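Here is the structure we will look at, set down as structure tokens.
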Amino acid sequence: MSFSLKKLSKHTATAIVGDSNCKINNVASLKNAKSGGIAFFSNPKLKQQLLETQASAVILDKKFIDLCPTHALITDNPYLVFAKIAALLNPLPKPAAGIHPTAIIADSSKLGENCYIGPNTVIEDDCVIGDNVYIGSNCIIHHSCSLDESCRLVNSVTLCDKTSLGKRVIIHPGVVIGSDGFGLANDEGRWFKTPQLGGVQIGDDVEIGANTTIDRGSLGDTILEYGVKLDNQVHIAHNVKVGAHTAIAGCVAIAGSSTIGKYCGIGGGAGIGGHLEITDKVEIGGMTRVARSIKEPGTYVSGTPVQPYKKWLRSSALFTKIDELSSRIKKLEKK
Amino acid sequence: MSFSLKKLSKHTATAIVGDSNCKINNVASLKNAKSGGIAFFSNPKLKQQLLETQASAVILDKKFIDLCPTHALITDNPYLVFAKIAALLNPLPKPAAGIHPTAIIADSSKLGENCYIGPNTVIEDDCVIGDNVYIGSNCIIHHSCSLDESCRLVNSVTLCDKTSLGKRVIIHPGVVIGSDGFGLANDEGRWFKTPQLGGVQIGDDVEIGANTTIDRGSLGDTILEYGVKLDNQVHIAHNVKVGAHTAIAGCVAIAGSSTIGKYCGIGGGAGIGGHLEITDKVEIGGMTRVARSIKEPGTYVSGTPVQPYKKWLRSSALFTKIDELSSRIKKLEKK
Amino acid sequence: MSFSLKKLSKHTATAIVGDSNCKINNVASLKNAKSGGIAFFSNPKLKQQLLETQASAVILDKKFIDLCPTHALITDNPYLVFAKIAALLNPLPKPAAGIHPTAIIADSSKLGENCYIGPNTVIEDDCVIGDNVYIGSNCIIHHSCSLDESCRLVNSVTLCDKTSLGKRVIIHPGVVIGSDGFGLANDEGRWFKTPQLGGVQIGDDVEIGANTTIDRGSLGDTILEYGVKLDNQVHIAHNVKVGAHTAIAGCVAIAGSSTIGKYCGIGGGAGIGGHLEITDKVEIGGMTRVARSIKEPGTYVSGTPVQPYKKWLRSSALFTKIDELSSRIKKLEKK
């Protein structure tokens, strides 16, 4: 597949500097691009790579145009334009619609037009599957689920009962949605399992990374709003609500009944305690431990910097005695 | 399904205040309950919700009875009573016993009475499956496993060989039990794999959350005692022993050969180092890093509080210089 | 299976002290070993167990030979010799080569000699599978993958398209390799998915623990070099490169485009930020947060020690005021 720069500039609403008939057939990095390739430039540290690139065209901000050795698309968001062109040049291959003979689909479930259901996939009773849905191999869709149009479940995905997916939801392998939350009542030291009766609502254009788990609500639903993006191995506990357009990196855990605002970003490995409220437009650093609600937008971090072991031993020992240091300062001040 | 308050009070050994003939057919929150619903009240902050609830009955401590606008069940553990009533009103739907035609079961394995084996499930040689066991779709039970009566494997569960489950064990999707532990011998920089020869013993009434992994022992067994509850994405390494009635929240990792006592609680994302001993009745905070044994019951935490980024930069820079601060205090004291 | 001590000493290039005809048929711990068993001794704390062992032979350093109550193999790396003997005595059982009738293999894919393909496994188009490969039940191999000789996929493993495995790679259940990375371009607050076009290259003798995920590269490949060992639930993001013979413990997360050197060790639950470089021979402590490149070999740690809750409250409150403590010291010094 190949497009003229003119066509790409139209598709991405960018201006051309250079030959609008130049043919582009792949995306690449500045360093590895060859003739026919288009790359993007946004990190000033890579200036030398820009100067030496063999790409046929480069996507960049107009302020860098003098550095560009070849044709260019001009934009103030080069990475976004690059992503859009990459998507245009690399449409997802999709097998012909159809149901693999080994798929097992309950009679009471309804499939839309033009769906693909892969080998060994099981769809239980009373599910509603929209048009153009792709469900790869070895998925399990429990009863009473709904998938709106154009969802894509790559393979080995589990949707427990009462899971509802919006349009164009993408789910990577090994994801489990709608499993029971960690609801336990203490009975003189022993744990009694509280039935988990709610469901999960996933909004349009949500994407969920490999081996992530999202628990069903205990009474109401666990909710991911429109455009939420989850990376791999994220853990979303019961009754959590994640606001629209929030992105959550790998291995984040969010404990039960917490609410995350819209347009937030949570760094990898961070943990959010239970029953907290994080307002809109909050950025949380990687591996940060959030044990209180956050009411002001901004960037938040916890933890200590990495240190060579012996230095860390000293720092961390004194951390446990910081109380004593404080008292000694007070004593000195009194003198 | 519907029960009178009288029946519910008997089932839960609670006293009734109000109409014992009142019919209850669902559990709900104070806020969302309607006629026919029963809710519980234990958090004094929700007093207003109690005053305004539309529930037909409320479960609460007798000291709050004057606030209750409707019939009541009296108990000093309202959440437990609520959980028991929720379980009574919402029995797990269970498909009729039977073996799906696509399940593959070795001739040498034995099934009890009244079992359900779902589509595409594979049971290898020499397994013993007790009565009333439910094994959902796409599970893999390797050879020489035993499952005692009334276990429930939701779907896509792996039990490697030599895994033994007690009675009523519940395992959620994506769980892997009995995989090889991280046993490596160093051979001049290269790693030589140490065969992992032990098994896994899971006690009665254990519940294991989605995508959790539990490694087999290297020589002896990895052990979860009676009533242990694991949340999602927990990692239990080889030769770990977890004592009875301990609850472990999501994304906790326990390194090899550590022993956790009975009646412990481990917060989400915490990490327990290898070869440690944690005594009974220890509570560990979320995301706490435990690098030493804990010999006294109590609550333990590590880490620093979340801070706005710029403040954190200052705190954490000074953490690495706390040694110097300490010296300066010493110098001042000498003067 | 049983071997003479003579045979074992030859196999492991160790010296014998005692009866070279002594028969060994199992490996065990010092404490649990019985007649026919061989154990190893390297931790001086277990001296009493050595003195009382019922093992037929013990593997140990010559400096401890006087403590050994039975026959011995002499080596300066007892655990490695133990591992090698354990492997000799416990060869992996392997089902006869063959393709299970429920496996689904595309005509365009090529299988080597003597392969085993288990029930419900799906191999899509244009894959190349080497000799002596074992692929257990319910695996999904997407199109255009290659597996070199003697790989072992235990069960329920996903390889997305363009995944390439070297020789003797071992992959435990629930692993996902080649899933899309977390590539998102921001479009005025909304996220636009950047197509992930690269693959994953896994070197010879790599082992990957249960439920670990490894994302495909965005343009180039994600790479694990020769002899890398990953424990369970590790997360390797797109474009990461892990150097030869590096071992990564459970629940570690490595963010996108970071490079880890050769012969490194990363402790459980640690997190490595994106676009960082960790040089060769770096050891990183468990749950350490690495937010900068590390250019010198050595051991690195972050975080604070576990403390009883009340003490921690005081330490952590003062951590957020350490800036103020520092100012007060400065003030005192000025006087």
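Identifiers in the structure tokens: chain A, B, ... in order shown; residue index from 1 per chain; ligand index from 1 in order shown.
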**Study point:** Residues near Gln54 (chain B), cut-off 9 Å, only C-alpha atoms, skip fewer than 6 positions along chain, as a list in words
**Key:** Leu30, Lys31, Asn32, Ala33, Lys34, Ser35, Gly37, Pro69 and Thr70 of chain B
Practice item. Give the residues of chain B that lie within 6 Å of chain C; count only C-alpha atoms, and format the answer as a ChimeraX atom specification. Key: /B:182,185,190,194-195,290,299-304,315
Would you output that residue set with all heavy atoms, as a short mmCIF file (atom, residue, chain, number, x, y, z; two decimals), in the first residue's frame?
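Generated output (result26.cif):
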```cif
data_model
loop_
_atom_site.label_atom_id
_atom_site.label_comp_id
_atom_site.auth_asym_id
_atom_site.auth_seq_id
_atom_site.Cartn_x
_atom_site.Cartn_y
_atom_site.Cartn_z
N PHE B 182 11.07 -20.11 40.35
CA PHE B 182 12.24 -19.44 39.77
C PHE B 182 13.49 -20.00 40.42
O PHE B 182 14.17 -19.33 41.20
CB PHE B 182 12.09 -17.94 40.04
CG PHE B 182 12.80 -17.04 39.06
CD1 PHE B 182 12.65 -17.22 37.69
CD2 PHE B 182 13.59 -15.99 39.51
CE1 PHE B 182 13.29 -16.37 36.79
CE2 PHE B 182 14.23 -15.13 38.61
CZ PHE B 182 14.08 -15.32 37.25
N ALA B 185 20.44 -22.07 39.32
CA ALA B 185 21.78 -22.17 39.89
C ALA B 185 22.74 -21.44 38.96
O ALA B 185 22.66 -21.59 37.74
CB ALA B 185 22.18 -23.64 40.02
N ARG B 190 26.08 -17.90 33.84
CA ARG B 190 24.90 -18.46 33.16
C ARG B 190 24.00 -19.11 34.20
O ARG B 190 24.46 -19.52 35.26
CB ARG B 190 25.33 -19.50 32.13
CG ARG B 190 26.27 -18.89 31.14
CD ARG B 190 26.64 -19.86 30.04
NE ARG B 190 27.39 -19.11 29.04
CZ ARG B 190 27.51 -19.45 27.78
NH1 ARG B 190 26.91 -20.55 27.35
NH2 ARG B 190 28.21 -18.73 26.93
N THR B 194 17.05 -25.34 37.89
CA THR B 194 16.88 -26.39 38.89
C THR B 194 15.49 -27.01 38.72
O THR B 194 14.49 -26.29 38.78
CB THR B 194 16.95 -25.79 40.31
OG1 THR B 194 18.09 -24.96 40.39
CG2 THR B 194 17.04 -26.88 41.35
N PRO B 195 15.42 -28.31 38.49
CA PRO B 195 14.09 -28.92 38.33
C PRO B 195 13.22 -28.62 39.55
O PRO B 195 13.70 -28.62 40.69
CB PRO B 195 14.41 -30.41 38.25
CG PRO B 195 15.83 -30.49 37.80
CD PRO B 195 16.51 -29.28 38.38
N VAL B 290 8.56 -5.60 52.49
CA VAL B 290 8.97 -6.31 53.70
C VAL B 290 10.24 -7.09 53.40
O VAL B 290 10.22 -8.06 52.63
CB VAL B 290 7.87 -7.26 54.19
CG1 VAL B 290 8.31 -7.98 55.46
CG2 VAL B 290 6.57 -6.50 54.42
N THR B 299 0.54 -3.90 62.99
CA THR B 299 0.40 -3.35 61.65
C THR B 299 1.72 -2.73 61.22
O THR B 299 2.35 -2.02 62.01
CB THR B 299 -0.72 -2.30 61.63
OG1 THR B 299 -1.93 -2.93 62.01
CG2 THR B 299 -0.90 -1.69 60.24
N TYR B 300 2.13 -3.03 60.00
CA TYR B 300 3.45 -2.61 59.51
C TYR B 300 3.32 -1.95 58.14
O TYR B 300 2.54 -2.39 57.30
CB TYR B 300 4.37 -3.82 59.41
CG TYR B 300 4.67 -4.45 60.75
CD1 TYR B 300 3.77 -5.35 61.33
CD2 TYR B 300 5.83 -4.12 61.45
CE1 TYR B 300 4.04 -5.91 62.58
CE2 TYR B 300 6.10 -4.67 62.70
CZ TYR B 300 5.20 -5.57 63.25
OH TYR B 300 5.46 -6.11 64.48
N VAL B 301 4.14 -0.91 57.95
CA VAL B 301 4.06 -0.16 56.70
C VAL B 301 5.47 0.28 56.30
O VAL B 301 6.36 0.44 57.14
CB VAL B 301 3.17 1.10 56.86
CG1 VAL B 301 2.95 1.80 55.53
CG2 VAL B 301 1.82 0.72 57.48
N SER B 302 5.69 0.50 55.01
CA SER B 302 6.89 1.20 54.54
C SER B 302 6.49 2.18 53.46
O SER B 302 5.34 2.22 53.04
CB SER B 302 7.94 0.23 54.01
OG SER B 302 7.61 -0.22 52.72
N GLY B 303 7.46 2.97 53.01
CA GLY B 303 7.21 3.92 51.92
C GLY B 303 7.02 5.32 52.43
O GLY B 303 7.20 5.61 53.61
N THR B 304 6.70 6.22 51.52
CA THR B 304 6.52 7.63 51.88
C THR B 304 5.16 8.08 51.35
O THR B 304 4.62 7.47 50.44
CB THR B 304 7.63 8.52 51.29
OG1 THR B 304 7.35 8.76 49.90
CG2 THR B 304 9.00 7.89 51.43
N SER B 315 11.84 16.63 49.03
CA SER B 315 11.89 15.61 50.09
C SER B 315 12.83 14.48 49.71
O SER B 315 13.65 14.02 50.50
CB SER B 315 10.51 15.00 50.34
OG SER B 315 9.61 15.94 50.87
#
```
Any chance you could dump chain C, least-squares fitted to chain A on all C-alpha atoms in order, as a compact mmCIF listing (two decimals) with C-alpha atoms, in the first residue's frame?
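The new file out-v1.txt reads:
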```
# COMPACT_ATOMS: atom_id res chain seq x y z
CA MET C 1 -0.03 0.04 0.01
CA SER C 2 1.33 3.43 -0.90
CA PHE C 3 0.08 7.03 -0.66
CA SER C 4 1.28 10.34 -2.03
CA LEU C 5 2.38 12.99 0.44
CA LYS C 6 -0.57 15.02 -0.84
CA LYS C 7 -2.99 12.32 0.18
CA LEU C 8 -1.32 11.98 3.61
CA SER C 9 -1.39 15.74 4.17
CA LYS C 10 -5.12 15.76 3.41
CA HIS C 11 -5.73 12.79 5.71
CA THR C 12 -3.94 14.48 8.59
CA ALA C 13 -4.71 18.16 7.88
CA THR C 14 -1.03 19.08 7.65
CA ALA C 15 0.88 21.35 5.27
CA ILE C 16 3.45 19.98 2.83
CA VAL C 17 6.94 21.36 2.32
CA GLY C 18 8.51 19.70 -0.75
CA ASP C 19 7.17 17.31 -3.35
CA SER C 20 3.48 16.51 -2.84
CA ASN C 21 3.74 13.57 -5.28
CA CYS C 22 6.39 11.81 -3.17
CA LYS C 23 5.19 8.23 -2.53
CA ILE C 24 5.12 6.86 1.02
CA ASN C 25 4.62 3.16 1.78
CA ASN C 26 5.82 2.70 5.35
CA VAL C 27 6.45 4.41 8.67
CA ALA C 28 9.85 4.13 10.33
CA SER C 29 12.17 5.79 12.80
CA LEU C 30 14.44 8.61 11.60
CA LYS C 31 17.37 6.27 12.01
CA ASN C 32 16.01 3.23 10.18
CA ALA C 33 13.84 4.88 7.53
CA LYS C 34 14.65 4.28 3.87
CA SER C 35 13.25 5.53 0.61
CA GLY C 36 9.45 5.28 0.77
CA GLY C 37 9.45 5.72 4.52
CA ILE C 38 8.07 8.55 6.60
CA ALA C 39 9.40 9.34 10.09
CA PHE C 40 8.65 11.99 12.71
CA PHE C 41 10.87 14.39 14.60
CA SER C 42 9.94 15.95 17.93
CA ASN C 43 12.78 15.26 20.37
CA PRO C 44 15.52 17.90 19.82
CA LYS C 45 18.10 15.40 21.11
CA LEU C 46 17.63 13.46 17.87
CA LYS C 47 18.66 16.41 15.69
CA GLN C 48 21.61 14.51 14.24
CA GLN C 49 19.30 11.65 13.23
CA LEU C 50 17.07 14.14 11.45
CA LEU C 51 20.01 15.62 9.54
CA GLU C 52 21.10 12.14 8.40
CA THR C 53 17.74 10.47 7.84
CA GLN C 54 17.14 8.52 4.63
CA ALA C 55 13.35 8.90 5.02
CA SER C 56 11.45 10.17 1.99
CA ALA C 57 9.52 12.52 4.26
CA VAL C 58 9.56 13.72 7.85
CA ILE C 59 6.71 14.96 10.04
CA LEU C 60 7.81 17.91 12.18
CA ASP C 61 7.04 21.30 13.65
CA LYS C 62 7.60 24.22 11.30
CA LYS C 63 10.31 25.64 13.57
CA PHE C 64 12.56 22.70 12.62
CA ILE C 65 11.92 22.85 8.88
CA ASP C 66 15.38 24.24 8.15
CA LEU C 67 16.95 21.11 9.61
CA CYS C 68 14.89 18.77 7.43
CA PRO C 69 16.88 17.20 4.58
CA THR C 70 13.81 15.97 2.68
CA HIS C 71 10.08 16.54 2.10
CA ALA C 72 8.03 17.34 5.15
CA LEU C 73 4.57 17.42 6.69
CA ILE C 74 4.18 20.36 9.07
CA THR C 75 2.27 20.00 12.35
CA ASP C 76 2.57 20.99 15.98
CA ASN C 77 1.84 17.35 17.03
CA PRO C 78 4.22 15.20 14.94
CA TYR C 79 3.68 11.99 16.93
CA LEU C 80 -0.10 12.13 16.45
CA VAL C 81 0.26 12.66 12.71
CA PHE C 82 2.77 9.83 12.58
CA ALA C 83 0.31 7.55 14.43
CA LYS C 84 -2.49 8.44 12.02
CA ILE C 85 -0.34 7.72 8.97
CA ALA C 86 0.87 4.47 10.56
CA ALA C 87 -2.76 3.43 11.03
CA LEU C 88 -3.61 4.33 7.42
CA LEU C 89 -0.65 2.34 6.06
CA ASN C 90 -1.22 -0.65 8.36
CA PRO C 91 -4.89 -1.55 8.51
CA LEU C 92 -5.53 -4.52 10.80
CA PRO C 93 -5.69 -7.74 8.80
CA LYS C 94 -9.06 -9.31 9.54
CA PRO C 95 -10.09 -12.81 8.61
CA ALA C 96 -13.27 -13.16 6.59
CA ALA C 97 -16.39 -13.02 8.71
CA GLY C 98 -17.60 -16.38 9.91
CA ILE C 99 -17.90 -18.73 12.81
CA HIS C 100 -15.22 -21.35 13.23
CA PRO C 101 -16.75 -24.84 13.38
CA THR C 102 -15.22 -25.44 16.83
CA ALA C 103 -16.79 -22.30 18.34
CA ILE C 104 -19.66 -23.04 20.71
CA ILE C 105 -22.43 -20.45 20.68
CA ALA C 106 -25.61 -20.74 22.71
CA ASP C 107 -28.82 -20.57 20.65
CA SER C 108 -30.14 -17.78 22.85
CA SER C 109 -27.25 -15.46 21.98
CA LYS C 110 -27.50 -13.09 19.03
CA LEU C 111 -24.73 -12.22 16.62
CA GLY C 112 -24.65 -9.09 14.44
CA GLU C 113 -23.60 -8.90 10.81
CA ASN C 114 -20.12 -9.62 9.64
CA CYS C 115 -18.71 -11.07 12.88
CA TYR C 116 -15.73 -13.39 13.24
CA ILE C 117 -15.78 -16.01 16.01
CA GLY C 118 -12.55 -17.99 16.31
CA PRO C 119 -11.70 -21.59 17.18
CA ASN C 120 -12.70 -22.97 20.59
CA THR C 121 -14.45 -19.78 21.63
CA VAL C 122 -17.47 -20.29 23.88
CA ILE C 123 -20.39 -17.86 23.98
CA GLU C 124 -22.92 -18.74 26.65
CA ASP C 125 -26.62 -17.84 26.86
CA ASP C 126 -28.30 -14.51 26.27
CA CYS C 127 -25.36 -12.56 24.87
CA VAL C 128 -25.82 -9.81 22.29
CA ILE C 129 -22.91 -9.32 19.89
CA GLY C 130 -22.97 -6.28 17.59
CA ASP C 131 -21.93 -5.98 13.95
CA ASN C 132 -18.31 -6.37 12.85
CA VAL C 133 -17.18 -7.85 16.13
CA TYR C 134 -13.99 -9.95 16.11
CA ILE C 135 -13.62 -12.59 18.82
CA GLY C 136 -10.38 -14.57 18.43
CA SER C 137 -9.55 -18.09 19.57
CA ASN C 138 -10.22 -19.59 23.01
CA CYS C 139 -12.32 -16.73 24.39
CA ILE C 140 -15.03 -17.37 26.99
CA ILE C 141 -18.06 -15.08 26.98
CA HIS C 142 -20.28 -15.95 29.93
CA HIS C 143 -24.02 -15.44 29.79
CA SER C 144 -25.76 -12.07 29.55
CA CYS C 145 -22.85 -10.11 28.07
CA SER C 146 -23.22 -7.44 25.43
CA LEU C 147 -20.58 -6.32 22.93
CA ASP C 148 -21.36 -3.30 20.79
CA GLU C 149 -20.18 -3.01 17.19
CA SER C 150 -16.59 -3.43 16.05
CA CYS C 151 -15.15 -4.78 19.30
CA ARG C 152 -11.97 -6.82 18.97
CA LEU C 153 -11.06 -9.57 21.48
CA VAL C 154 -7.66 -10.84 20.34
CA ASN C 155 -7.71 -14.30 21.96
CA SER C 156 -8.09 -16.08 25.31
CA VAL C 157 -10.22 -13.26 26.76
CA THR C 158 -12.75 -13.97 29.52
CA LEU C 159 -15.88 -11.87 29.92
CA CYS C 160 -17.86 -12.99 32.97
CA ASP C 161 -21.61 -12.54 33.02
CA LYS C 162 -23.10 -9.04 32.95
CA THR C 163 -20.10 -7.51 31.18
CA SER C 164 -21.06 -4.80 28.74
CA LEU C 165 -18.63 -3.45 26.12
CA GLY C 166 -19.15 -0.25 24.12
CA LYS C 167 -18.16 0.24 20.49
CA ARG C 168 -14.66 -0.48 19.17
CA VAL C 169 -13.34 -1.87 22.48
CA ILE C 170 -10.01 -3.68 22.00
CA ILE C 171 -9.05 -6.41 24.48
CA HIS C 172 -5.69 -8.14 24.40
CA PRO C 173 -4.99 -11.79 25.32
CA GLY C 174 -5.40 -13.11 28.83
CA VAL C 175 -7.69 -10.32 30.03
CA VAL C 176 -10.37 -11.25 32.58
CA ILE C 177 -13.34 -8.91 32.96
CA GLY C 178 -16.12 -9.41 35.48
CA SER C 179 -14.46 -11.82 37.89
CA ASP C 180 -15.58 -11.70 41.51
CA GLY C 181 -14.13 -8.88 43.59
CA PHE C 182 -12.38 -9.38 46.92
CA GLY C 183 -15.51 -9.08 49.04
CA LEU C 184 -15.09 -10.76 52.40
CA ALA C 185 -16.96 -10.41 55.67
CA ASN C 186 -15.07 -11.32 58.80
CA ASP C 187 -16.73 -13.93 61.00
CA GLU C 188 -14.60 -14.20 64.14
CA GLY C 189 -11.38 -14.47 62.16
CA ARG C 190 -12.75 -16.55 59.29
CA TRP C 191 -13.75 -15.03 56.01
CA PHE C 192 -17.25 -15.31 54.58
CA LYS C 193 -17.51 -14.67 50.85
CA THR C 194 -19.85 -11.80 49.97
CA PRO C 195 -21.62 -12.60 46.70
CA GLN C 196 -20.52 -10.24 43.95
CA LEU C 197 -23.69 -9.27 42.12
CA GLY C 198 -22.82 -6.27 39.92
CA GLY C 199 -21.41 -6.13 36.41
CA VAL C 200 -18.81 -4.23 34.42
CA GLN C 201 -19.52 -1.40 31.99
CA ILE C 202 -16.81 -0.59 29.47
CA GLY C 203 -17.28 2.55 27.34
CA ASP C 204 -16.59 3.12 23.64
CA ASP C 205 -13.01 3.12 22.39
CA VAL C 206 -11.55 1.58 25.52
CA GLU C 207 -8.41 -0.55 25.08
CA ILE C 208 -7.30 -3.13 27.66
CA GLY C 209 -3.79 -4.63 27.77
CA ALA C 210 -2.76 -8.27 28.11
CA ASN C 211 -3.52 -10.13 31.37
CA THR C 212 -5.30 -7.16 32.92
CA THR C 213 -8.15 -7.99 35.34
CA ILE C 214 -11.28 -5.96 36.03
CA ASP C 215 -13.61 -7.16 38.77
CA ARG C 216 -17.39 -6.91 38.60
CA GLY C 217 -19.12 -4.56 41.03
CA SER C 218 -20.34 -5.95 44.33
CA LEU C 219 -23.83 -4.41 44.03
CA GLY C 220 -23.56 -1.74 41.32
CA ASP C 221 -21.15 -1.86 38.38
CA THR C 222 -17.44 -1.31 37.87
CA ILE C 223 -17.15 1.38 35.18
CA LEU C 224 -14.54 2.40 32.61
CA GLU C 225 -15.75 5.44 30.72
CA TYR C 226 -15.27 6.44 27.10
CA GLY C 227 -11.72 6.31 25.76
CA VAL C 228 -9.99 4.86 28.83
CA LYS C 229 -6.74 3.05 28.02
CA LEU C 230 -5.31 0.33 30.26
CA ASP C 231 -1.89 -1.21 29.74
CA ASN C 232 -0.93 -4.81 30.63
CA GLN C 233 -1.44 -6.46 34.03
CA VAL C 234 -3.53 -3.64 35.48
CA HIS C 235 -5.82 -4.62 38.36
CA ILE C 236 -9.14 -2.79 38.69
CA ALA C 237 -11.04 -3.88 41.81
CA HIS C 238 -14.81 -3.94 42.33
CA ASN C 239 -16.85 -0.75 42.11
CA VAL C 240 -13.98 1.32 40.75
CA LYS C 241 -14.90 4.05 38.27
CA VAL C 242 -12.32 5.36 35.81
CA GLY C 243 -13.17 8.63 34.04
CA ALA C 244 -13.07 9.22 30.30
CA HIS C 245 -9.72 9.47 28.50
CA THR C 246 -7.66 8.38 31.48
CA ALA C 247 -4.57 6.29 30.65
CA ILE C 248 -3.24 3.73 33.14
CA ALA C 249 0.17 2.17 32.60
CA GLY C 250 1.27 -1.40 33.27
CA CYS C 251 0.87 -3.14 36.64
CA VAL C 252 -1.16 -0.37 38.28
CA ALA C 253 -3.56 -1.60 40.98
CA ILE C 254 -6.69 0.32 41.97
CA ALA C 255 -8.41 -0.92 45.11
CA GLY C 256 -12.16 -1.22 45.59
CA SER C 257 -14.67 1.62 45.28
CA SER C 258 -12.15 4.28 44.26
CA THR C 259 -12.99 6.85 41.60
CA ILE C 260 -10.40 8.12 39.13
CA GLY C 261 -11.22 11.33 37.25
CA LYS C 262 -11.15 12.13 33.54
CA TYR C 263 -7.95 12.91 31.62
CA CYS C 264 -5.72 11.38 34.30
CA GLY C 265 -2.45 9.52 33.74
CA ILE C 266 -1.23 6.87 36.16
CA GLY C 267 2.37 5.68 35.89
CA GLY C 268 3.38 2.02 35.84
CA GLY C 269 3.21 0.05 39.06
CA ALA C 270 1.40 2.77 41.02
CA GLY C 271 -1.18 1.72 43.61
CA ILE C 272 -4.37 3.56 44.52
CA GLY C 273 -5.97 2.66 47.86
CA GLY C 274 -9.64 1.85 48.32
CA HIS C 275 -12.53 4.30 48.68
CA LEU C 276 -10.45 7.25 47.39
CA GLU C 277 -11.32 10.01 44.96
CA ILE C 278 -8.80 11.25 42.43
CA THR C 279 -10.01 14.34 40.63
CA ASP C 280 -9.69 15.10 36.88
CA LYS C 281 -6.34 15.82 35.23
CA VAL C 282 -4.16 14.21 37.87
CA GLU C 283 -0.83 12.66 36.86
CA ILE C 284 0.57 10.02 39.21
CA GLY C 285 4.22 8.94 39.00
CA GLY C 286 5.32 5.38 38.46
CA MET C 287 5.21 3.13 41.56
CA THR C 288 3.57 5.86 43.61
CA ARG C 289 1.53 4.76 46.62
CA VAL C 290 -1.65 6.81 46.86
CA ALA C 291 -3.32 6.40 50.24
CA ARG C 292 -5.43 9.59 50.29
CA SER C 293 -7.83 11.32 47.93
CA ILE C 294 -6.39 13.91 45.55
CA LYS C 295 -8.55 16.97 45.04
CA GLU C 296 -6.31 19.24 42.98
CA PRO C 297 -5.14 18.57 39.42
CA GLY C 298 -1.36 18.22 39.16
CA THR C 299 1.44 15.70 39.32
CA TYR C 300 1.94 13.53 42.40
CA VAL C 301 4.70 11.14 43.44
CA SER C 302 5.83 9.08 46.41
CA GLY C 303 8.88 6.96 47.23
CA THR C 304 12.60 7.61 47.33
CA PRO C 305 15.21 7.81 44.58
CA VAL C 306 17.28 4.77 43.69
CA GLN C 307 20.67 4.79 45.47
CA PRO C 308 23.74 2.59 45.58
CA TYR C 309 23.08 -0.04 48.24
CA LYS C 310 25.42 1.22 50.95
CA LYS C 311 24.22 4.80 50.67
CA TRP C 312 20.63 3.59 50.72
CA LEU C 313 21.28 1.57 53.89
CA ARG C 314 22.41 4.76 55.60
CA SER C 315 19.54 6.89 54.22
CA SER C 316 16.91 4.36 55.10
CA ALA C 317 18.27 3.70 58.59
CA LEU C 318 18.13 7.44 59.27
CA PHE C 319 14.59 7.59 57.85
CA THR C 320 13.50 5.37 60.72
CA LYS C 321 15.28 7.77 63.12
CA ILE C 322 14.14 11.00 61.54
CA ASP C 323 11.93 11.52 64.56
CA GLU C 324 15.00 11.60 66.75
CA LEU C 325 16.82 13.97 64.37
CA SER C 326 13.84 16.29 64.61
CA SER C 327 13.95 16.22 68.43
CA ARG C 328 17.64 16.97 68.44
CA ILE C 329 17.10 20.00 66.20
CA LYS C 330 14.38 21.20 68.56
CA LYS C 331 16.72 20.81 71.51
CA LEU C 332 19.45 22.79 69.75
CA GLU C 333 16.97 25.53 68.93
CA LYS C 334 15.97 25.84 72.58
CA LYS C 335 19.52 26.51 73.62
```
Exercise for review: List every residue of region 131-323 of chain A that DSSP, applied to the backbone, labels as strand (DSSP E or B), and write the result as a VMD selection string.
Suggested key: chain A and resid 134 to 135 140 to 141 146 to 147 152 to 153 158 to 159 163 to 165 170 to 171 176 to 179 184 to 187 190 to 193 200 to 202 207 to 208 213 to 215 222 to 224 229 to 230 235 to 236 241 to 242 247 to 248 253 to 254 259 to 260 265 to 266 271 to 272 277 to 278 282 to 284 289 to 290 294 298 to 301 307 to 308
Review point. Can you list every residue in region 203-334 of chain A that DSSP puts in helix (DSSP H, G or I), as an MDAnalysis selection string?
Key: chainID A and resid 309:319 322:334
